[in-house]
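K.L.:
To start, I am sharing the structure in question, which I have written as structure tokens.
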2 protein chains.
Amino acid sequence: MTLAYDVDTHAAPSRVSELMERLGLRMTFAKDEELYAQDDDADLIYMVTSGAVRTTRLLSDGRRQVSAFYYAGDLVGLETGPAHRFSAEALCDCTVLVVKRSSLKAFAGDGELDRAIWEATRRELERTQDHLLVLGRKTACEKVASFLMERAQSDRSTKVSLPMGRQDMADYLGLTIETVSRMLTQLQSASVVEFDGSRHFRVKRWDALAQMVE
Amino acid sequence: MTLAYDVDTHAAPSRVSELMERLGLRMTFAKDEELYAQDDDADLIYMVTSGAVRTTRLLSDGRRQVSAFYYAGDLVGLETGPAHRFSAEALCDCTVLVVKRSSLKAFAGDGELDRAIWEATRRELERTQDHLLVLGRKTACEKVASFLMERAQSDRSTKVSLPMGRQDMADYLGLTIETVSRMLTQLQSASVVEFDGSRHFRVKRWDALAQMVE
DNA sequence: CGAACTTTTGAACCCCTTCAACATCAGTGG
DNA sequence: CCACTGATGTTGAAGGGGTTCAAAAGTTCG
């Protein structure tokens with residue numbers, strides 16, 4: 001499991017953060033508000049500065065797949081060609097820096113920036129590939145364990161927070177909310193994790209969690 | 001569904017093919033032979049010139065996920081940082097051009113080449129994201145239909161060939177070979193496709209197939 | 001032809017879903 | 001402060017889609 005969300009090894013190194021700060025527009029989004037919609041022109045790039053964002057895609061009958069979650073420091077909106085292939089929504093009230101692709105292109109000579117965006121895209125690919133294995137070949141319990149591990153490695157504090165609800169977790173893992181809930185209960189009963197409310201947990205047995213994740 | 005495998009809109013435009021021809025070493029691999037293994041140094045890039053290749057990843061208990069299939073013209077081995085995160089194996093006897101990353105780096109000034117590799121990686125990300133939706137939220141029948149559609153759009157002839165066996169299809173779609181086989185029979189019974197042996201088919205009802213794929 | 005492998009088909013089982021009820025929590029206003 | 005309300009999360013029981021196990025049918029290649 002990668003440490004893609006670890007702030008220290010992050011998608012947007014400080015140099016890029018600086019550039020975003022300088023060129024970008026600061027915006028706030030309320031919970032569930034849309035940063036952009038599927039098929040929108042992809043002329044903007046976003047950097048989360050607080051809160052969290054999800055990218056999703058819908059089937060015509062309403063089935064939903066959450067592709068990824070993004071946290072402070074992450075770049076959102078890279079996953080596209082000319083048009084966005086996902087929609088992006090705020091998981092909770094959050095602030096982002098928005099910058100036009102064209103503004104960034106003006107700095108194309110800046111190798112460091114190019115490199116940062118390239119690195120972020122490459123890591124996005126790696127994360128998505130990791131996710132493929134989870135969705136394709138893991139059991140419900142292993143899926144939930146993988147998700148908790150991912151969060152725990154991102155938020156290195158002992159108390160890990162979950163900014164998303166059960167439905168978002170379910171749509172991320174290809175499960176139902178009921179199954180997610182049951183697996184969480186199960187993992188807690190096995191003393192692998194301990195929940196404090198529905199949105200905060202602590203890992204009690206790293207070895208057991210790691211084994212389920214592979 | 002993208003046309004990522006369509007030769008005309010391909011990952012490796014002719015200019016890159018030329019460069020690969022000039023710098024690369026031609027190699028042949030027998031069916032099931034390994035181009036590279038998981039965790040190998042990723043210092044080589046491959047271009048398939050004939051045959052087909054799969055990239056796979058294993059869980060410790062043997063469960064396998066096929067990440068992608070690659071055909072003539074496709075670049076393989078881009079999905080990595082310093083080490084390969086998948087193994088790559090020949091689906092059938094095939095020939096590839098192999099070139100050192102460092103050799104290509106010597107041409108880093110060549111914007112067209114950089115751009116081609118960037119484009120190939122971006123398309124790889126898009127394909128993987130499409131695959132996420134299939135694995136996470138589609139039924140067995142829709143998964144198989146999605147796969148057939150993908151192949152049919154790649155191989156635009158009326159007789160579409162399947163270079164991979166049922167096990168590879170199953171591991172690509174997160175199913176068992178039995179389920180794949182049953183769904184294929186079902187799609188044929190519904191006159192959506194028609195098989196000629198187990199490795200060749202023809203789409204009879206594009207509308208029906210497209211609807212299952214979304 | 002005959003052996004080994006792949007694919008298909010059948011039947012029983014099980015993991016996850018579905019449907020339903022209950023619990024918990026946050027926010028609101030009396 | 002507490003009752004009310006809607007949203008969110010948990011738990012239970014029944015059902016179904018896909019898996020598992022087994023065997024037959026088809027294919028490949030010596």
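Chain lettering (A, B, ...) mirrors the order of the structure tokens, residue numbering begins at 1 for each chain separately, and ligand numbering begins at 1 in order of display.
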Go through chain B and flag each residue having an atom no more than 7 Å from chain A; for those, report the closest pair of atoms plus their distance in Å to one decimal, using only C-alpha atoms, ordered by chain and rising number, as a Markdown table.
P.N.:
| residue | atom | partner | partner_atom | distance |
| --- | --- | --- | --- | --- |
| B:Leu59 | CA | A:Glu214 | CA | 6.7 |
| B:Ser60 | CA | A:Glu214 | CA | 6.9 |
| B:Arg63 | CA | A:Arg137 | CA | 6.7 |
| B:Gln65 | CA | A:Leu133 | CA | 5.8 |
| B:Leu125 | CA | A:Leu125 | CA | 5.2 |
| B:Thr128 | CA | A:Thr128 | CA | 6.7 |
| B:Gln129 | CA | A:Thr128 | CA | 6.8 |
| B:Leu132 | CA | A:Leu132 | CA | 5.9 |
| B:Leu133 | CA | A:Gln65 | CA | 5.8 |
| B:Leu135 | CA | A:Gly136 | CA | 5.7 |
| B:Gly136 | CA | A:Gly174 | CA | 4.4 |
| B:Arg137 | CA | A:Gly174 | CA | 5.8 |
| B:Leu173 | CA | A:Gly136 | CA | 6.7 |
| B:Gly174 | CA | A:Gly136 | CA | 4.3 |
| B:Glu214 | CA | A:Leu59 | CA | 6.6 |
K.L.:
Give the residues of chain C that lie within 9 Å of chain A; count only C-alpha atoms (C1' of nucleotides), and format the answer as a compact mmCIF listing (two decimals) with N, CA and C atoms (P, O5', C5', C4', C3', O3' and C1' of nucleotides), in the first residue's frame.
P.N.:
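Listed below is the output, iface20.txt:
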# COMPACT_ATOMS: atom_id res chain seq x y z
P DC C 15 -19.12 -17.77 3.21
O5' DC C 15 -18.74 -16.32 2.65
C5' DC C 15 -18.19 -16.20 1.34
C4' DC C 15 -18.84 -15.03 0.61
C3' DC C 15 -18.89 -13.73 1.40
O3' DC C 15 -18.37 -12.70 0.58
C1' DC C 15 -21.06 -14.28 0.59
P DC C 16 -18.08 -11.24 1.15
O5' DC C 16 -19.34 -10.42 0.63
C5' DC C 16 -19.55 -10.31 -0.79
C4' DC C 16 -20.98 -9.92 -1.04
C3' DC C 16 -21.41 -8.58 -0.46
O3' DC C 16 -21.70 -7.71 -1.55
C1' DC C 16 -23.07 -10.25 -0.13
P DT C 17 -22.39 -6.25 -1.34
O5' DT C 17 -23.94 -6.54 -1.60
C5' DT C 17 -24.32 -7.17 -2.81
C4' DT C 17 -25.82 -7.40 -2.84
C3' DT C 17 -26.66 -6.15 -2.62
O3' DT C 17 -27.64 -6.10 -3.66
C1' DT C 17 -27.32 -7.87 -1.11
K.L.:
Residues of chain D near chain A: apply a cut-off of 12 Å, count only C-alpha atoms (C1' of nucleotides), and supply the list as a PyMOL selection string.
P.N.:
chain D and resi 7-12
K.L.:
For DA22 of chain D, work out the shell of residues within 12 Å, counting only C-alpha atoms (C1' of nucleotides) and skipping chain neighbours fewer than 2 positions away, then give it as a list of chain:residue names.
P.N.:
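The contact residues come out as C:DT9, C:DG10, C:DA11, C:DA12, D:DT20, D:DA24.
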K.L.:
Expressed in Å to a single decimal, how great is the separation between atom CA of Leu25 of chain A and atom CA of Met164 of chain A?
P.N.:
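The value is 25.4 Å.
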K.L.:
Could you give me, as JSON, numbers by chain, the residues within 10 Å of Pro82 of chain B, counting only C-alpha atoms (C1' of nucleotides) and dropping anything in the same chain fewer than 6 positions from it?
P.N.:
{"B": [39, 40, 41, 42, 43]}
